[in-house]
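**Student:** Compact mmCIF, C-alpha atoms, file upload_0.txt:
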```
# COMPACT_ATOMS: atom_id res chain seq x y z
CA MET O 1319 44.77 -186.57 -29.12
CA SER O 1320 47.14 -183.61 -28.85
CA ARG O 1321 48.95 -182.77 -25.62
CA LEU O 1322 46.95 -179.51 -25.37
CA GLN O 1323 43.65 -181.30 -25.94
CA ALA O 1324 44.51 -183.81 -23.23
CA ARG O 1325 45.18 -180.96 -20.82
CA ILE O 1326 41.88 -179.14 -21.28
CA GLY O 1327 39.77 -182.22 -20.65
CA THR O 1328 36.99 -184.01 -22.49
CA LEU O 1329 33.99 -182.45 -24.16
CA ARG O 1330 31.78 -183.81 -21.40
CA GLN O 1331 33.97 -182.18 -18.75
CA LEU O 1332 33.78 -178.86 -20.59
CA GLU O 1333 29.99 -179.21 -20.80
CA ILE O 1334 29.82 -179.90 -17.06
CA LEU O 1335 32.06 -176.94 -16.27
CA LEU O 1336 29.91 -174.62 -18.36
CA ALA O 1337 26.75 -175.84 -16.63
CA VAL O 1338 28.29 -175.20 -13.20
CA TYR O 1339 29.36 -171.71 -14.27
CA GLN O 1340 25.93 -170.86 -15.71
CA THR O 1341 23.89 -172.22 -12.79
CA GLY O 1342 26.31 -171.13 -10.06
CA SER O 1343 26.35 -174.44 -8.22
CA VAL O 1344 27.28 -178.12 -8.54
CA THR O 1345 23.82 -179.12 -7.31
CA ALA O 1346 21.96 -177.08 -9.93
CA ALA O 1347 24.32 -178.25 -12.69
CA SER O 1348 23.85 -181.90 -11.75
CA LYS O 1349 20.06 -181.49 -11.98
CA GLN O 1350 20.33 -179.71 -15.32
CA LEU O 1351 22.56 -182.44 -16.77
CA PHE O 1352 20.73 -185.36 -15.06
CA LEU O 1353 23.93 -186.43 -13.29
CA THR O 1354 24.66 -187.13 -9.66
CA GLN O 1355 26.54 -184.51 -7.64
CA PRO O 1356 29.50 -186.87 -7.01
CA THR O 1357 29.81 -187.44 -10.77
CA VAL O 1358 29.88 -183.71 -11.47
CA SER O 1359 32.40 -183.09 -8.69
CA MET O 1360 34.63 -185.94 -9.88
CA GLN O 1361 34.66 -184.70 -13.48
CA LEU O 1362 35.50 -181.18 -12.37
CA LYS O 1363 38.35 -182.51 -10.24
CA LYS O 1364 39.71 -184.43 -13.23
CA LEU O 1365 39.51 -181.26 -15.32
CA ALA O 1366 41.27 -179.20 -12.64
CA ASP O 1367 43.99 -181.87 -12.41
CA ALA O 1368 44.35 -181.85 -16.21
CA ILE O 1369 45.05 -178.11 -16.34
CA ASN O 1370 47.01 -178.22 -13.06
CA ALA O 1371 45.07 -175.30 -11.59
CA PRO O 1372 41.90 -174.84 -9.48
CA LEU O 1373 38.79 -173.94 -11.44
CA TYR O 1374 37.03 -172.08 -8.64
CA ASP O 1375 37.05 -171.39 -4.92
CA GLN O 1376 34.01 -172.02 -2.74
CA ILE O 1377 33.22 -169.13 -0.37
CA GLY O 1378 30.32 -170.26 1.76
CA ARG O 1379 27.76 -171.45 -0.79
CA LYS O 1380 29.10 -169.25 -3.59
CA LEU O 1381 31.52 -170.41 -6.29
CA ILE O 1382 34.16 -167.84 -7.25
CA PHE O 1383 35.85 -168.85 -10.50
CA THR O 1384 39.61 -168.39 -10.73
CA GLN O 1385 41.25 -166.71 -13.72
CA ALA O 1386 42.25 -170.17 -14.99
CA GLY O 1387 38.67 -171.36 -14.51
CA LEU O 1388 37.29 -168.41 -16.47
CA GLU O 1389 39.71 -169.11 -19.32
CA VAL O 1390 38.55 -172.73 -19.49
CA VAL O 1391 34.90 -171.59 -19.37
CA LYS O 1392 35.54 -169.28 -22.32
CA THR O 1393 37.21 -172.08 -24.27
CA ALA O 1394 34.41 -174.48 -23.36
CA ARG O 1395 31.86 -172.07 -24.79
CA GLU O 1396 33.89 -171.70 -28.02
CA VAL O 1397 34.33 -175.47 -28.43
CA LEU O 1398 30.66 -176.26 -27.82
CA ASP O 1399 29.63 -173.37 -30.10
CA CYS O 1400 31.64 -175.01 -32.91
CA PHE O 1401 29.61 -178.21 -32.57
CA GLU O 1402 26.36 -176.25 -32.42
CA ARG O 1403 27.30 -174.29 -35.57
CA LEU O 1404 28.09 -177.59 -37.31
CA ASP O 1405 24.64 -178.89 -36.37
CA MET O 1406 23.01 -175.70 -37.66
CA ASN O 1407 25.04 -175.77 -40.88
CA LEU O 1408 24.03 -179.36 -41.56
CA ALA O 1409 20.39 -178.44 -40.95
CA ASN O 1410 20.78 -175.49 -43.30
CA LEU O 1411 22.16 -177.75 -46.04
CA GLN O 1412 18.96 -179.75 -45.74
CA GLY O 1413 16.87 -176.61 -46.23
CA LEU O 1414 15.94 -176.33 -42.55
CA ARG O 1415 16.31 -173.55 -40.02
CA ALA O 1416 16.99 -175.37 -36.77
CA GLY O 1417 19.09 -174.79 -33.68
CA THR O 1418 19.05 -172.55 -30.62
CA LEU O 1419 18.84 -168.76 -30.45
CA ARG O 1420 20.29 -167.35 -27.23
CA LEU O 1421 19.11 -163.92 -26.10
CA ALA O 1422 20.07 -162.00 -22.97
CA VAL O 1423 17.92 -158.90 -22.53
CA VAL O 1424 17.65 -156.03 -20.07
CA THR O 1425 14.57 -156.02 -17.87
CA THR O 1426 12.53 -153.37 -19.69
CA SER O 1427 12.81 -155.15 -23.06
CA LYS O 1428 11.01 -158.20 -21.65
CA TYR O 1429 7.76 -156.35 -22.38
CA PHE O 1430 8.17 -156.53 -26.16
CA ILE O 1431 10.87 -159.09 -27.06
CA PRO O 1432 8.51 -162.07 -26.41
CA HIS O 1433 6.07 -160.61 -28.96
CA LEU O 1434 8.88 -160.35 -31.51
CA LEU O 1435 9.98 -163.90 -30.74
CA GLY O 1436 6.45 -165.26 -31.03
CA ASP O 1437 6.09 -164.17 -34.64
CA PHE O 1438 9.67 -165.24 -35.46
CA LEU O 1439 9.03 -168.75 -34.10
CA ASN O 1440 5.82 -169.00 -36.11
CA HIS O 1441 8.03 -168.61 -39.18
CA TYR O 1442 10.75 -170.96 -37.87
CA PRO O 1443 9.11 -173.55 -35.56
CA ASP O 1444 12.24 -175.75 -35.41
CA ILE O 1445 14.28 -173.04 -33.66
CA ASP O 1446 14.57 -173.15 -29.87
CA VAL O 1447 15.16 -170.06 -27.74
CA GLU O 1448 17.10 -169.54 -24.52
CA PHE O 1449 15.91 -166.28 -22.97
CA LYS O 1450 17.67 -164.59 -20.04
CA VAL O 1451 16.54 -161.38 -18.33
CA GLY O 1452 18.55 -159.10 -16.03
CA ASN O 1453 19.38 -155.47 -15.40
CA ARG O 1454 21.96 -153.72 -17.58
CA GLN O 1455 24.96 -154.65 -15.44
CA GLN O 1456 23.90 -158.29 -15.17
CA ILE O 1457 23.61 -158.55 -18.96
CA ILE O 1458 27.03 -156.88 -19.39
CA ASP O 1459 28.48 -159.44 -16.97
CA ARG O 1460 27.07 -162.27 -19.12
CA MET O 1461 29.30 -161.13 -21.99
CA ALA O 1462 32.35 -162.55 -20.19
CA THR O 1463 31.86 -166.02 -21.66
CA GLY O 1464 30.12 -165.00 -24.91
CA GLU O 1465 27.41 -167.62 -24.43
CA ASP O 1466 24.60 -165.55 -26.00
CA ASP O 1467 23.95 -164.67 -29.64
CA PHE O 1468 22.46 -161.25 -28.91
CA TYR O 1469 22.20 -158.86 -25.99
CA VAL O 1470 19.32 -156.35 -26.02
CA PHE O 1471 20.20 -152.91 -24.61
CA SER O 1472 19.01 -149.36 -24.80
CA HIS O 1473 22.49 -148.27 -23.60
CA PRO O 1474 25.14 -150.75 -24.77
CA PRO O 1475 28.46 -150.62 -22.91
CA LYS O 1476 31.09 -148.52 -24.65
CA ASN O 1477 34.04 -150.58 -23.41
CA ARG O 1478 33.12 -153.75 -25.34
CA ASP O 1479 33.80 -154.52 -28.99
CA LEU O 1480 30.21 -154.89 -30.20
CA ASP O 1481 28.26 -154.92 -33.43
CA LEU O 1482 25.17 -152.78 -32.74
CA HIS O 1483 21.92 -153.14 -34.65
CA GLU O 1484 19.33 -150.45 -33.91
CA PHE O 1485 15.79 -151.81 -34.23
CA LEU O 1486 13.27 -149.89 -32.07
CA PRO O 1487 12.82 -146.46 -30.41
CA ASN O 1488 12.67 -146.42 -26.59
CA PRO O 1489 11.19 -143.17 -25.24
CA LEU O 1490 11.43 -142.72 -21.46
CA VAL O 1491 8.38 -140.85 -20.19
CA ALA O 1492 7.31 -139.15 -16.96
CA ILE O 1493 4.51 -140.91 -15.08
CA ALA O 1494 2.32 -140.14 -12.06
CA LYS O 1495 -0.86 -141.31 -10.39
CA THR O 1496 -3.96 -140.30 -12.37
CA ASP O 1497 -5.13 -137.87 -9.66
CA HIS O 1498 -1.69 -136.35 -9.07
CA PRO O 1499 -1.71 -132.50 -8.92
CA LEU O 1500 0.54 -132.38 -12.03
CA ALA O 1501 -1.74 -134.63 -14.09
CA GLY O 1502 -3.40 -132.78 -16.97
CA ARG O 1503 -1.04 -129.80 -16.90
CA ASP O 1504 0.88 -128.77 -20.01
CA ASN O 1505 4.57 -127.94 -20.26
CA ILE O 1506 5.44 -128.80 -16.66
CA PRO O 1507 8.99 -127.53 -16.00
CA LEU O 1508 11.39 -130.41 -15.49
CA GLN O 1509 12.63 -128.77 -12.30
CA THR O 1510 9.06 -128.75 -10.92
CA PHE O 1511 8.64 -132.42 -11.80
CA CYS O 1512 11.97 -133.29 -10.15
CA GLU O 1513 10.94 -131.59 -6.90
CA GLU O 1514 8.26 -134.28 -6.47
CA PRO O 1515 9.26 -137.45 -4.55
CA PHE O 1516 11.02 -139.45 -7.27
CA LEU O 1517 11.12 -143.25 -7.57
CA MET O 1518 14.38 -144.41 -9.18
CA ARG O 1519 15.43 -147.75 -10.69
CA GLU O 1520 18.32 -149.56 -9.03
CA ALA O 1521 22.02 -149.05 -9.79
CA GLY O 1522 22.91 -151.11 -12.87
CA SER O 1523 19.60 -150.38 -14.62
CA GLY O 1524 19.75 -148.98 -18.16
CA THR O 1525 16.75 -146.74 -17.40
CA ARG O 1526 18.56 -145.25 -14.42
CA HIS O 1527 21.69 -144.81 -16.52
CA ALA O 1528 19.72 -142.79 -19.11
CA ILE O 1529 17.89 -140.71 -16.49
CA GLU O 1530 21.08 -139.80 -14.62
CA ARG O 1531 22.91 -138.89 -17.83
CA HIS O 1532 19.97 -136.72 -18.98
CA PHE O 1533 19.60 -134.94 -15.63
CA ASP O 1534 23.37 -134.39 -15.36
CA SER O 1535 23.40 -132.74 -18.80
CA LEU O 1536 20.69 -130.32 -17.61
CA GLU O 1537 22.28 -129.89 -14.15
CA ILE O 1538 19.09 -131.01 -12.42
CA GLU O 1539 18.95 -133.16 -9.29
CA PRO O 1540 15.80 -135.26 -8.75
CA ASN O 1541 14.31 -135.58 -5.27
CA VAL O 1542 14.90 -139.36 -4.99
CA ARG O 1543 12.60 -140.83 -2.39
CA MET O 1544 13.07 -144.54 -3.05
CA THR O 1545 15.21 -146.88 -5.15
CA ILE O 1546 13.17 -149.78 -6.55
CA GLU O 1547 14.42 -152.84 -8.44
CA SER O 1548 11.71 -153.42 -11.05
CA ASN O 1549 9.46 -151.52 -13.42
CA GLU O 1550 6.36 -153.29 -12.08
CA ALA O 1551 7.19 -152.33 -8.49
CA ILE O 1552 7.75 -148.71 -9.55
CA LYS O 1553 4.38 -148.62 -11.35
CA HIS O 1554 2.57 -149.93 -8.28
CA ALA O 1555 4.45 -147.50 -6.03
CA VAL O 1556 3.44 -144.60 -8.29
CA MET O 1557 -0.19 -145.81 -8.30
CA SER O 1558 -0.04 -145.92 -4.50
CA GLY O 1559 0.90 -142.23 -4.39
CA LEU O 1560 4.51 -142.74 -3.24
CA GLY O 1561 5.92 -140.47 -5.92
CA VAL O 1562 6.53 -139.90 -9.63
CA SER O 1563 8.97 -141.64 -11.94
CA ILE O 1564 10.37 -142.00 -15.45
CA LEU O 1565 9.97 -145.32 -17.25
CA SER O 1566 10.12 -146.67 -20.78
CA SER O 1567 6.83 -146.13 -22.60
CA HIS O 1568 6.93 -149.86 -23.44
CA THR O 1569 6.28 -150.67 -19.78
CA LEU O 1570 2.95 -148.82 -20.04
CA ALA O 1571 1.72 -150.57 -23.18
CA PHE O 1572 0.51 -153.68 -21.38
CA GLU O 1573 -1.77 -154.64 -18.51
CA GLY O 1574 -0.93 -153.38 -15.06
CA SER O 1575 -0.67 -149.69 -16.00
CA HIS O 1576 -4.22 -148.59 -15.16
CA GLY O 1577 -4.13 -145.78 -12.63
CA LEU O 1578 -1.09 -144.15 -14.24
CA VAL O 1579 -0.86 -141.12 -16.49
CA LYS O 1580 1.93 -139.74 -18.64
CA LEU O 1581 2.92 -136.20 -17.70
CA ASN O 1582 3.65 -133.43 -20.18
CA VAL O 1583 7.09 -132.36 -18.91
CA THR O 1584 9.53 -130.09 -20.71
CA ASP O 1585 12.80 -131.75 -21.81
CA LEU O 1586 11.05 -135.13 -21.75
CA PRO O 1587 10.69 -137.80 -22.99
CA ILE O 1588 14.29 -138.98 -22.99
CA MET O 1589 14.70 -140.45 -26.48
CA THR O 1590 16.75 -143.63 -26.51
CA LYS O 1591 16.83 -146.65 -28.82
CA TRP O 1592 16.88 -150.41 -28.52
CA TYR O 1593 19.82 -152.34 -29.95
CA LEU O 1594 20.60 -155.93 -30.74
CA ALA O 1595 24.24 -156.20 -29.68
CA SER O 1596 26.57 -159.06 -30.59
CA LEU O 1597 30.23 -159.68 -29.81
CA LYS O 1598 32.45 -158.96 -32.80
CA GLU O 1599 34.77 -161.77 -31.73
CA LYS O 1600 31.95 -164.36 -31.83
CA GLN O 1601 31.05 -165.94 -35.14
CA MET O 1602 27.35 -165.48 -35.83
CA SER O 1603 25.39 -168.71 -36.24
CA ILE O 1604 22.90 -169.32 -39.04
CA VAL O 1605 20.05 -169.11 -36.52
CA ALA O 1606 21.33 -165.78 -35.16
CA ARG O 1607 21.72 -164.39 -38.67
CA THR O 1608 18.20 -165.59 -39.53
CA PHE O 1609 16.81 -163.77 -36.48
CA MET O 1610 18.59 -160.53 -37.39
CA GLU O 1611 17.30 -160.73 -40.95
CA TYR O 1612 13.79 -161.32 -39.63
CA VAL O 1613 14.03 -158.29 -37.32
CA ASP O 1614 15.15 -156.18 -40.30
CA LEU O 1615 12.32 -157.33 -42.55
CA HIS O 1616 9.41 -157.89 -40.17
CA GLY O 1617 10.31 -156.60 -36.70
CA HIS O 1618 8.79 -153.14 -37.07
CA GLU O 1619 5.61 -154.61 -38.55
CA SER O 1620 5.32 -157.11 -35.67
CA MET O 1621 5.66 -154.33 -33.11
CA GLU O 1622 2.93 -152.27 -34.82
CA ILE O 1623 0.55 -155.25 -34.91
CA GLU O 1624 1.06 -155.81 -31.20
CA GLY O 1625 0.47 -152.11 -30.48
CA ILE O 1626 3.99 -151.65 -29.09
CA ILE O 1627 4.88 -148.78 -31.44
```
Go ahead and render the structure in this file as structure tokens.
**Tutor:**
Amino acid sequence: MSRLQARIGTLRQLEILLAVYQTGSVTAASKQLFLTQPTVSMQLKKLADAINAPLYDQIGRKLIFTQAGLEVVKTAREVLDCFERLDMNLANLQGLRAGTLRLAVVTTSKYFIPHLLGDFLNHYPDIDVEFKVGNRQQIIDRMATGEDDFYVFSHPPKNRDLDLHEFLPNPLVAIAKTDHPLAGRDNIPLQTFCEEPFLMREAGSGTRHAIERHFDSLEIEPNVRMTIESNEAIKHAVMSGLGVSILSSHTLAFEGSHGLVKLNVTDLPIMTKWYLASLKEKQMSIVARTFMEYVDLHGHESMEIEGII
């Protein structure tokens, strides 16, 4: 064992550290790993002693990772990824497609990604999927440790070194209650629409990011009445007559959209696209490459069958 390897701890300690980082607590990590809390705490102490630096500080119930702790987390992910790639490569040599696909997706894409995954897993039943959902900023934050194979965005961050793979259009459309005074009118001026009480997604949302950028380019200010943290809550608020909004058309393609109508507004829809984003610095696994190839060959067809496009 090299001196450096001895300093960064054992594989089990790295696995424990990564579980604590991902779950946000020693208690949750111990449950995930089927270990006792004292065992987890003891292994983390040994790891901190090995690198001669604290891994995190505890502020109340929240763990705040130190810079040293974040560096070890990043290395832990890289080391464990190497073993997972080896497992996938060995499976591939045997003519199998097995392993884990890790996806982190922004909230709006949760309406169609499961349909894409369903057909993919029918083709490759030995592949497991880890599926995380959050708003745009939360998914960007997940990039810090590079634990996911792909991140699904309509507006990928520009300050990260990413490979972007466009795979689906994402029109953002104006919506209102079916009996709203603007319903049924043609060519509604955007300014008129924006004078209505407007329901906006929360800060950090990709939909909000697109709306604000579009309105800024046209020098129009919406009459924001409420800020709401989910597409479903916005749809119900619109159906309740609290205001109008702009959402991805994909959010209207499924149940729970009765009572809503798309409005014919000038300068809308806002045309955006969905991307599979991956970190250039992260080596793509066989499973990840298989998923991307599937999306290229069959993704559009799967979306059409499901009535998503």
**Student:** Which residues come within 12 Å of Ala1555 (chain O), counting only C-alpha atoms, excluding same-chain residues fewer than 6 positions away, as an mmCIF file with C-alpha atoms, keeping the file's coordinate frame?
**Tutor:**
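To be explicit, this is the file written out as part39.cif:
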```cif
data_model
loop_
_atom_site.group_PDB
_atom_site.id
_atom_site.type_symbol
_atom_site.label_atom_id
_atom_site.label_comp_id
_atom_site.auth_asym_id
_atom_site.auth_seq_id
_atom_site.Cartn_x
_atom_site.Cartn_y
_atom_site.Cartn_z
ATOM 1 C CA ILE O 1493 4.510 -140.910 -15.080
ATOM 2 C CA ALA O 1494 2.320 -140.140 -12.060
ATOM 3 C CA LYS O 1495 -0.860 -141.310 -10.390
ATOM 4 C CA PRO O 1515 9.260 -137.450 -4.550
ATOM 5 C CA PHE O 1516 11.020 -139.450 -7.270
ATOM 6 C CA LEU O 1517 11.120 -143.250 -7.570
ATOM 7 C CA MET O 1518 14.380 -144.410 -9.180
ATOM 8 C CA ARG O 1519 15.430 -147.750 -10.690
ATOM 9 C CA ARG O 1543 12.600 -140.830 -2.390
ATOM 10 C CA MET O 1544 13.070 -144.540 -3.050
ATOM 11 C CA THR O 1545 15.210 -146.880 -5.150
ATOM 12 C CA ILE O 1546 13.170 -149.780 -6.550
ATOM 13 C CA GLU O 1547 14.420 -152.840 -8.440
ATOM 14 C CA SER O 1548 11.710 -153.420 -11.050
ATOM 15 C CA ASN O 1549 9.460 -151.520 -13.420
ATOM 16 C CA GLY O 1561 5.920 -140.470 -5.920
ATOM 17 C CA VAL O 1562 6.530 -139.900 -9.630
ATOM 18 C CA SER O 1563 8.970 -141.640 -11.940
ATOM 19 C CA SER O 1575 -0.670 -149.690 -16.000
ATOM 20 C CA GLY O 1577 -4.130 -145.780 -12.630
ATOM 21 C CA LEU O 1578 -1.090 -144.150 -14.240
#
```
**Student:** Can you pull out every residue within 9 Å of region 1459-1461 of chain O, counting all atoms listed in the file, but drop anything in the same chain fewer than 5 positions away, and send it as number ranges by chain?
**Tutor:** O: 1422, 1454, 1466, 1469, 1478, 1597
**Student:** Excluding His1568 (chain O) and residues on its chain fewer than 6 positions from it, collect all residues at most 8 Å away from it, counting only C-alpha atoms, and give them as a PDB file with C-alpha atoms, in the coordinates of the input.
**Tutor:**
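Writing the result to around03.pdb gives the following:
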```pdb
ATOM      1  CA  THR O1426      12.530-153.370 -19.690  1.00  0.00           C
ATOM      2  CA  SER O1427      12.810-155.150 -23.060  1.00  0.00           C
ATOM      3  CA  TYR O1429       7.760-156.350 -22.380  1.00  0.00           C
ATOM      4  CA  PHE O1430       8.170-156.530 -26.160  1.00  0.00           C
ATOM      5  CA  ASN O1488      12.670-146.420 -26.590  1.00  0.00           C
ATOM      6  CA  ILE O1626       3.990-151.650 -29.090  1.00  0.00           C
TER       7      ILE O1626
END
```
**Student:** Please compute the CA of Gln1509 (chain O)-CA of Ile1538 (chain O) distance, one decimal, in Å.
**Tutor:**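 So the answer is 6.8 Å.
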**Student:** When you count all atoms listed in the file, which of these residues is closest to Asn1453 (chain O): O:Val1583, O:Leu1482, O:Val1423, O:Val1338?
**Tutor:**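 Closest to Asn1453 (chain O) of all the choices is O:Val1423.
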**Student:** Rounded to one decimal, what separation in Å do you get between CA of Val1451 (chain O) and CA of Thr1418 (chain O)?
**Tutor:**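 Between CA of Val1451 (chain O) and CA of Thr1418 (chain O) the gap is 16.8 Å.
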**Student:** At a cut-off of 12 Å, using only C-alpha atoms, what residues contact Phe1533 (chain O)? Leave out same-chain residues fewer than 4 positions from it and give the result as a compact mmCIF listing (two decimals) with C-alpha atoms, keeping the file's coordinate frame.
**Tutor:**
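The result, stored in out-v2.txt:
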```txt
# COMPACT_ATOMS: atom_id res chain seq x y z
CA LEU O 1508 11.39 -130.41 -15.49
CA GLN O 1509 12.63 -128.77 -12.30
CA PHE O 1511 8.64 -132.42 -11.80
CA CYS O 1512 11.97 -133.29 -10.15
CA ARG O 1526 18.56 -145.25 -14.42
CA HIS O 1527 21.69 -144.81 -16.52
CA ALA O 1528 19.72 -142.79 -19.11
CA ILE O 1529 17.89 -140.71 -16.49
CA GLU O 1537 22.28 -129.89 -14.15
CA ILE O 1538 19.09 -131.01 -12.42
CA GLU O 1539 18.95 -133.16 -9.29
CA PRO O 1540 15.80 -135.26 -8.75
CA ASN O 1541 14.31 -135.58 -5.27
CA ILE O 1564 10.37 -142.00 -15.45
CA ASP O 1585 12.80 -131.75 -21.81
CA LEU O 1586 11.05 -135.13 -21.75
CA PRO O 1587 10.69 -137.80 -22.99
CA ILE O 1588 14.29 -138.98 -22.99
```
**Student:** In Å, rounded to a single decimal, give me how far CA of His1483 (chain O) is from CA of Val1613 (chain O).
**Tutor:**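 Computing it gives 9.8 Å between the two atoms.
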**Student:** Got a sec: who's within 7 Å of Val1470 (chain O), counting only C-alpha atoms, leaving out chain neighbours fewer than 6 positions off, as a PyMOL selection string?
**Tutor:** chain O and resi 1422-1424+1592-1595
**Student:** Nearest residue to Arg1330 (chain O) out of O:Lys1364, O:Gln1355, O:His1441, O:Lys1349, using all atoms listed in the file?
**Tutor:**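 Among the listed residues, O:Lys1364 lies closest to Arg1330 (chain O).
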**Student:** Nearest to Phe1609 (chain O) among O:Lys1392, O:His1532, O:Lys1363, O:Arg1420, with distances taken over all atoms listed in the file: which residue is it?
**Tutor:** O:Arg1420
**Student:** Using all atoms listed in the file, can you tell me which of O:Ala1521, O:Met1406, O:Ile1552, O:Leu1434 comes closest to Arg1607 (chain O)?
**Tutor:**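 Selected residue with least distance to Arg1607 (chain O): O:Met1406.
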**Student:** Here is a test: counting only C-alpha atoms, which residue of O:Val1358, O:Val1447, O:Ile1334, O:Met1610 is nearest to Pro1432 (chain O)?
**Tutor:** O:Val1447
**Student:** Using all atoms listed in the file, pick whichever of O:Lys1428, O:Arg1395, O:Lys1450, O:Lys1380 has the shortest atom-to-atom distance to Thr1569 (chain O).
**Tutor:**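 Selected residue with least distance to Thr1569 (chain O): O:Lys1428.
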**Student:** Around region 1371-1389 of chain O, fit a box with edges along x, y and z, padding it by 6 Å on each side, then list its centre and edge lengths in Å to one decimal as lines of an AutoDock Vina configuration file.
**Tutor:**
```
center_x = 36.4
center_y = -171.0
center_z = -8.8
size_x = 29.3
size_y = 20.6
size_z = 33.1
```
**Student:** Complete the atom set of region 1362-1376 of chain O to N, CA, C and O atoms and return it as a PDB file, in the coordinates of the input.
**Tutor:**
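The resulting file, selection.pdb, is shown below:
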```
ATOM      1  N   LEU O1362      34.858-182.480 -12.535  1.00  0.00           N
ATOM      2  CA  LEU O1362      35.500-181.180 -12.370  1.00  0.00           C
ATOM      3  C   LEU O1362      36.883-181.311 -11.749  1.00  0.00           C
ATOM      4  O   LEU O1362      37.811-180.577 -12.103  1.00  0.00           O
ATOM      5  N   LYS O1363      37.034-182.276 -10.829  1.00  0.00           N
ATOM      6  CA  LYS O1363      38.350-182.510 -10.240  1.00  0.00           C
ATOM      7  C   LYS O1363      39.326-183.019 -11.290  1.00  0.00           C
ATOM      8  O   LYS O1363      40.491-182.598 -11.341  1.00  0.00           O
ATOM      9  N   LYS O1364      38.858-183.927 -12.155  1.00  0.00           N
ATOM     10  CA  LYS O1364      39.710-184.430 -13.230  1.00  0.00           C
ATOM     11  C   LYS O1364      40.132-183.292 -14.164  1.00  0.00           C
ATOM     12  O   LYS O1364      41.281-183.229 -14.620  1.00  0.00           O
ATOM     13  N   LEU O1365      39.195-182.390 -14.453  1.00  0.00           N
ATOM     14  CA  LEU O1365      39.510-181.260 -15.320  1.00  0.00           C
ATOM     15  C   LEU O1365      40.515-180.327 -14.664  1.00  0.00           C
ATOM     16  O   LEU O1365      41.465-179.870 -15.308  1.00  0.00           O
ATOM     17  N   ALA O1366      40.324-180.047 -13.372  1.00  0.00           N
ATOM     18  CA  ALA O1366      41.270-179.200 -12.640  1.00  0.00           C
ATOM     19  C   ALA O1366      42.656-179.846 -12.600  1.00  0.00           C
ATOM     20  O   ALA O1366      43.686-179.165 -12.771  1.00  0.00           O
ATOM     21  N   ASP O1367      42.703-181.165 -12.407  1.00  0.00           N
ATOM     22  CA  ASP O1367      43.990-181.870 -12.410  1.00  0.00           C
ATOM     23  C   ASP O1367      44.645-181.796 -13.784  1.00  0.00           C
ATOM     24  O   ASP O1367      45.874-181.665 -13.897  1.00  0.00           O
ATOM     25  N   ALA O1368      43.824-181.871 -14.853  1.00  0.00           N
ATOM     26  CA  ALA O1368      44.350-181.850 -16.210  1.00  0.00           C
ATOM     27  C   ALA O1368      45.025-180.520 -16.539  1.00  0.00           C
ATOM     28  O   ALA O1368      46.054-180.480 -17.224  1.00  0.00           O
ATOM     29  N   ILE O1369      44.448-179.418 -16.049  1.00  0.00           N
ATOM     30  CA  ILE O1369      45.050-178.110 -16.340  1.00  0.00           C
ATOM     31  C   ILE O1369      46.008-177.674 -15.240  1.00  0.00           C
ATOM     32  O   ILE O1369      46.638-176.616 -15.340  1.00  0.00           O
ATOM     33  N   ASN O1370      46.094-178.488 -14.174  1.00  0.00           N
ATOM     34  CA  ASN O1370      47.010-178.220 -13.060  1.00  0.00           C
ATOM     35  C   ASN O1370      46.733-176.867 -12.407  1.00  0.00           C
ATOM     36  O   ASN O1370      47.660-176.110 -12.089  1.00  0.00           O
ATOM     37  N   ALA O1371      45.455-176.567 -12.233  1.00  0.00           N
ATOM     38  CA  ALA O1371      45.070-175.300 -11.590  1.00  0.00           C
ATOM     39  C   ALA O1371      43.634-175.434 -11.087  1.00  0.00           C
ATOM     40  O   ALA O1371      42.819-176.122 -11.714  1.00  0.00           O
ATOM     41  N   PRO O1372      43.291-174.795  -9.967  1.00  0.00           N
ATOM     42  CA  PRO O1372      41.900-174.840  -9.480  1.00  0.00           C
ATOM     43  C   PRO O1372      40.984-174.071 -10.420  1.00  0.00           C
ATOM     44  O   PRO O1372      41.363-173.051 -10.991  1.00  0.00           O
ATOM     45  N   LEU O1373      39.771-174.578 -10.572  1.00  0.00           N
ATOM     46  CA  LEU O1373      38.790-173.940 -11.440  1.00  0.00           C
ATOM     47  C   LEU O1373      38.016-172.839 -10.708  1.00  0.00           C
ATOM     48  O   LEU O1373      37.636-171.832 -11.311  1.00  0.00           O
ATOM     49  N   TYR O1374      37.790-173.052  -9.424  1.00  0.00           N
ATOM     50  CA  TYR O1374      37.030-172.080  -8.640  1.00  0.00           C
ATOM     51  C   TYR O1374      37.329-172.295  -7.167  1.00  0.00           C
ATOM     52  O   TYR O1374      37.853-173.339  -6.752  1.00  0.00           O
ATOM     53  N   ASP O1375      36.995-171.294  -6.379  1.00  0.00           N
ATOM     54  CA  ASP O1375      37.050-171.390  -4.920  1.00  0.00           C
ATOM     55  C   ASP O1375      35.621-171.333  -4.407  1.00  0.00           C
ATOM     56  O   ASP O1375      34.762-170.655  -4.993  1.00  0.00           O
ATOM     57  N   GLN O1376      35.345-172.042  -3.326  1.00  0.00           N
ATOM     58  CA  GLN O1376      34.010-172.020  -2.740  1.00  0.00           C
ATOM     59  C   GLN O1376      34.052-171.162  -1.479  1.00  0.00           C
ATOM     60  O   GLN O1376      34.726-171.483  -0.509  1.00  0.00           O
TER      61      GLN O1376
END
```
